[in-house]
Amino acid sequence: MLILLAGIFLLHIASIVLLLVATIDNSWWVTEQTATDLWGTWVYQNGNWNLTNVVTNSQEYLQAVQATSVLACIFAILGLFVFIAQLFTLQKGQRFIFSGVFQFLACLCIMIAASIYTDIFHKTDRGQYGYCFILAWIAFCLTLISSIIYFVLRKKVK
């Protein structure tokens with residue numbers, strides 16, 4: 001049982017790291033001269049990378065993507081703290097419910113962020129999705145798996 005809990009803890013840490021990198025780093029959309037993230041666009045000019053504002057007609061959609069990405073990070077981190085607290089405070093039949101809920105909320109938030117970004121931005125631009133966009137979808141899968149494990153584990157550890 002201890003090995004299972006350690007594995008779940010490592011899965012949770014991995015999903016938090018992926019969520020934070022996807023939210024903070026600057027590679028959601030890349031071309032040869034630009035790298036765009038949720039917070040700005042890096043433009044390569046005269047041998048230097050310069051940060052500019054994200055140029056978009058859909059500012060409210062960008063803010064929705066930013067907000068849901070940050071919320072996903074917050075929910076995942078809160079889920080980790082709740083997981084640790086639940087190990088020592090709750091009875092066996094009630095453990096992991098809140099951790100699973102927080103992970104599921106993080107899963108939904110990052111799915112919403114990546115879905116909005118896919119649907120609204122860069123439809124006519126030439127370029128490709130960057131590694132942070134891919135990390136966001138991988139983090140979605142990990143948080144979904146983690147939340148399912150929490151709900152299944154709750155039933156097993158009665």
# chains A, B, ... in the order shown; residues from 1 in each chain; ligands from 1
call {"tool": "select_by_dssp", "arguments": {"residues": "segment 22-59 of chain A", "states": "strand (DSSP E or B)", "output": "PyMOL selection string"}}
result
chain A and resi 29-30+34-36+41-45+48-52
call {"tool": "write_last_selection", "arguments": {"atoms": "N, CA and C atoms", "output": "PDB file, in the first residue's frame"}}
result
ATOM      1  N   TRP A  29       2.650  28.468 -29.131  1.00  0.00           N
ATOM      2  CA  TRP A  29       2.607  28.556 -30.592  1.00  0.00           C
ATOM      3  C   TRP A  29       3.955  29.072 -31.056  1.00  0.00           C
ATOM      4  N   VAL A  30       4.580  28.394 -31.998  1.00  0.00           N
ATOM      5  CA  VAL A  30       5.906  28.810 -32.447  1.00  0.00           C
ATOM      6  C   VAL A  30       5.955  28.918 -33.968  1.00  0.00           C
ATOM      7  N   THR A  34       8.825  33.839 -34.016  1.00  0.00           N
ATOM      8  CA  THR A  34       8.066  34.150 -32.804  1.00  0.00           C
ATOM      9  C   THR A  34       7.840  32.898 -31.964  1.00  0.00           C
ATOM     10  N   ALA A  35       7.622  33.142 -30.695  1.00  0.00           N
ATOM     11  CA  ALA A  35       7.182  32.105 -29.757  1.00  0.00           C
ATOM     12  C   ALA A  35       6.126  32.754 -28.877  1.00  0.00           C
ATOM     13  N   THR A  36       4.927  32.218 -28.913  1.00  0.00           N
ATOM     14  CA  THR A  36       3.806  32.811 -28.186  1.00  0.00           C
ATOM     15  C   THR A  36       3.424  31.922 -27.018  1.00  0.00           C
ATOM     16  N   THR A  41       4.221  37.506 -26.481  1.00  0.00           N
ATOM     17  CA  THR A  41       4.815  36.949 -27.687  1.00  0.00           C
ATOM     18  C   THR A  41       6.279  37.361 -27.732  1.00  0.00           C
ATOM     19  N   TRP A  42       7.139  36.386 -27.913  1.00  0.00           N
ATOM     20  CA  TRP A  42       8.557  36.653 -28.042  1.00  0.00           C
ATOM     21  C   TRP A  42       8.882  36.729 -29.529  1.00  0.00           C
ATOM     22  N   VAL A  43       9.456  37.866 -29.950  1.00  0.00           N
ATOM     23  CA  VAL A  43       9.786  38.090 -31.354  1.00  0.00           C
ATOM     24  C   VAL A  43      11.303  38.144 -31.490  1.00  0.00           C
ATOM     25  N   TYR A  44      11.838  37.408 -32.471  1.00  0.00           N
ATOM     26  CA  TYR A  44      13.272  37.383 -32.715  1.00  0.00           C
ATOM     27  C   TYR A  44      13.623  38.470 -33.723  1.00  0.00           C
ATOM     28  N   GLN A  45      14.324  39.501 -33.246  1.00  0.00           N
ATOM     29  CA  GLN A  45      14.731  40.620 -34.110  1.00  0.00           C
ATOM     30  C   GLN A  45      16.168  41.001 -33.800  1.00  0.00           C
ATOM     31  N   ASN A  48      18.121  39.187 -31.056  1.00  0.00           N
ATOM     32  CA  ASN A  48      17.602  39.188 -29.692  1.00  0.00           C
ATOM     33  C   ASN A  48      16.133  38.784 -29.678  1.00  0.00           C
ATOM     34  N   TRP A  49      15.721  38.168 -28.579  1.00  0.00           N
ATOM     35  CA  TRP A  49      14.321  37.858 -28.365  1.00  0.00           C
ATOM     36  C   TRP A  49      13.703  38.988 -27.559  1.00  0.00           C
ATOM     37  N   ASN A  50      12.653  39.594 -28.084  1.00  0.00           N
ATOM     38  CA  ASN A  50      11.970  40.711 -27.427  1.00  0.00           C
ATOM     39  C   ASN A  50      10.541  40.317 -27.088  1.00  0.00           C
ATOM     40  N   LEU A  51      10.133  40.652 -25.864  1.00  0.00           N
ATOM     41  CA  LEU A  51       8.789  40.337 -25.415  1.00  0.00           C
ATOM     42  C   LEU A  51       7.833  41.450 -25.819  1.00  0.00           C
ATOM     43  N   THR A  52       6.732  41.063 -26.440  1.00  0.00           N
ATOM     44  CA  THR A  52       5.668  42.006 -26.794  1.00  0.00           C
ATOM     45  C   THR A  52       4.353  41.463 -26.260  1.00  0.00           C
TER      46      THR A  52
END
call {"tool": "closest_residue", "arguments": {"among": "A:Gly40, A:Gly79, A:Gly100, A:Gly7", "to": "Phe151 of chain A", "atoms": "only C-alpha atoms"}}
result
A:Gly100
call {"tool": "closest_residue", "arguments": {"among": "A:Asn46, A:Thr23, A:Ser115, A:Thr31", "to": "Gln66 of chain A", "atoms": "only C-alpha atoms"}}
result
A:Thr23
call {"tool": "atom_distance", "arguments": {"atom1": "atom CA of Ala136 of chain A", "atom2": "atom CA of Gln86 of chain A"}}
result
27.2 Å
call {"tool": "residues_around", "arguments": {"residues": "Cys107 of chain A", "least_positions_apart": "5", "cutoff": "8 Å", "atoms": "only C-alpha atoms", "output": "ChimeraX atom specification"}}
result
/A:72,139-141,143-144
call {"tool": "closest_residue", "arguments": {"among": "A:Val101, A:Ile148, A:Leu2, A:Val55", "to": "Phe75 of chain A", "atoms": "only C-alpha atoms"}}
result
A:Val101
call {"tool": "residues_around", "arguments": {"residues": "Ala114 of chain A", "least_positions_apart": "3", "cutoff": "12 Å", "atoms": "only C-alpha atoms", "output": "NGL selection string"}}
result
:A and (19 or 22-23 or 28-29 or 37-38 or 61-62 or 64-69 or 72 or 107-111 or 117-121 or 129 or 132-140)
call {"tool": "atom_distance", "arguments": {"atom1": "atom CA of Phe96 of chain A", "atom2": "atom CA of Leu20 of chain A"}}
result
22.8 Å
call {"tool": "atom_distance", "arguments": {"atom1": "atom CA of Trp39 of chain A", "atom2": "atom CA of Ile77 of chain A"}}
result
21.1 Å
call {"tool": "closest_residue", "arguments": {"among": "A:Ser99, A:Tyr131, A:Ile74, A:Ala113", "to": "Ile149 of chain A", "atoms": "only C-alpha atoms"}}
result
A:Ser99
call {"tool": "closest_residue", "arguments": {"among": "A:Arg126, A:Ser146, A:Val70, A:Phe81", "to": "Phe104 of chain A", "atoms": "only C-alpha atoms"}}
result
A:Ser146
call {"tool": "decode", "arguments": {"residues": "segment 139-150 of chain A", "atoms": "all heavy atoms", "output": "compact mmCIF listing (two decimals), in the first residue's frame"}}
result
# COMPACT_ATOMS: atom_id res chain seq x y z
N ALA A 139 -0.64 16.97 -19.26
CA ALA A 139 -1.06 17.24 -17.87
C ALA A 139 -2.54 16.95 -17.70
O ALA A 139 -2.97 16.46 -16.64
CB ALA A 139 -0.75 18.68 -17.50
N PHE A 140 -3.34 17.24 -18.72
CA PHE A 140 -4.76 16.89 -18.67
C PHE A 140 -4.93 15.39 -18.47
O PHE A 140 -5.69 14.94 -17.60
CB PHE A 140 -5.46 17.34 -19.96
CG PHE A 140 -6.76 16.65 -20.22
CD1 PHE A 140 -7.89 16.95 -19.46
CD2 PHE A 140 -6.87 15.68 -21.21
CE1 PHE A 140 -9.09 16.30 -19.69
CE2 PHE A 140 -8.06 15.04 -21.44
CZ PHE A 140 -9.17 15.35 -20.68
N CYS A 141 -4.21 14.59 -19.24
CA CYS A 141 -4.31 13.13 -19.12
C CYS A 141 -3.85 12.66 -17.74
O CYS A 141 -4.51 11.81 -17.12
CB CYS A 141 -3.47 12.46 -20.20
SG CYS A 141 -4.08 12.75 -21.87
N LEU A 142 -2.75 13.21 -17.25
CA LEU A 142 -2.23 12.78 -15.95
C LEU A 142 -3.18 13.16 -14.81
O LEU A 142 -3.38 12.37 -13.88
CB LEU A 142 -0.85 13.38 -15.70
CG LEU A 142 0.29 12.81 -16.53
CD1 LEU A 142 1.61 13.50 -16.18
CD2 LEU A 142 0.41 11.32 -16.37
N THR A 143 -3.75 14.35 -14.87
CA THR A 143 -4.67 14.74 -13.81
C THR A 143 -5.97 13.93 -13.87
O THR A 143 -6.55 13.62 -12.83
CB THR A 143 -4.98 16.25 -13.84
OG1 THR A 143 -5.45 16.61 -15.13
CG2 THR A 143 -3.77 17.08 -13.47
N LEU A 144 -6.41 13.60 -15.07
CA LEU A 144 -7.59 12.74 -15.20
C LEU A 144 -7.32 11.36 -14.62
O LEU A 144 -8.13 10.83 -13.84
CB LEU A 144 -8.03 12.64 -16.66
CG LEU A 144 -9.26 11.77 -16.92
CD1 LEU A 144 -10.48 12.36 -16.24
CD2 LEU A 144 -9.49 11.62 -18.41
N ILE A 145 -6.18 10.79 -14.96
CA ILE A 145 -5.81 9.48 -14.43
C ILE A 145 -5.68 9.54 -12.91
O ILE A 145 -6.16 8.66 -12.20
CB ILE A 145 -4.50 8.99 -15.09
CG1 ILE A 145 -4.75 8.64 -16.56
CG2 ILE A 145 -3.91 7.80 -14.34
CD1 ILE A 145 -3.50 8.41 -17.36
N SER A 146 -5.05 10.59 -12.43
CA SER A 146 -4.87 10.76 -10.99
C SER A 146 -6.21 10.87 -10.26
O SER A 146 -6.40 10.26 -9.20
CB SER A 146 -4.01 11.99 -10.72
OG SER A 146 -3.86 12.21 -9.36
N SER A 147 -7.13 11.63 -10.82
CA SER A 147 -8.43 11.77 -10.16
C SER A 147 -9.19 10.44 -10.16
O SER A 147 -9.83 10.09 -9.16
CB SER A 147 -9.26 12.86 -10.82
OG SER A 147 -9.63 12.52 -12.13
N ILE A 148 -9.10 9.69 -11.24
CA ILE A 148 -9.75 8.38 -11.29
C ILE A 148 -9.13 7.44 -10.27
O ILE A 148 -9.84 6.71 -9.56
CB ILE A 148 -9.68 7.79 -12.71
CG1 ILE A 148 -10.57 8.61 -13.66
CG2 ILE A 148 -10.09 6.32 -12.73
CD1 ILE A 148 -10.38 8.28 -15.12
N ILE A 149 -7.81 7.49 -10.15
CA ILE A 149 -7.13 6.64 -9.17
C ILE A 149 -7.58 7.00 -7.76
O ILE A 149 -7.82 6.12 -6.93
CB ILE A 149 -5.60 6.75 -9.31
CG1 ILE A 149 -5.14 6.03 -10.57
CG2 ILE A 149 -4.88 6.18 -8.09
CD1 ILE A 149 -3.68 6.22 -10.90
N TYR A 150 -7.71 8.29 -7.47
CA TYR A 150 -8.17 8.70 -6.14
C TYR A 150 -9.56 8.16 -5.84
O TYR A 150 -9.82 7.69 -4.73
CB TYR A 150 -8.17 10.22 -5.99
CG TYR A 150 -6.81 10.81 -5.75
CD1 TYR A 150 -6.38 11.90 -6.48
CD2 TYR A 150 -5.97 10.31 -4.78
CE1 TYR A 150 -5.14 12.47 -6.26
CE2 TYR A 150 -4.73 10.86 -4.55
CZ TYR A 150 -4.31 11.94 -5.29
OH TYR A 150 -3.09 12.49 -5.07
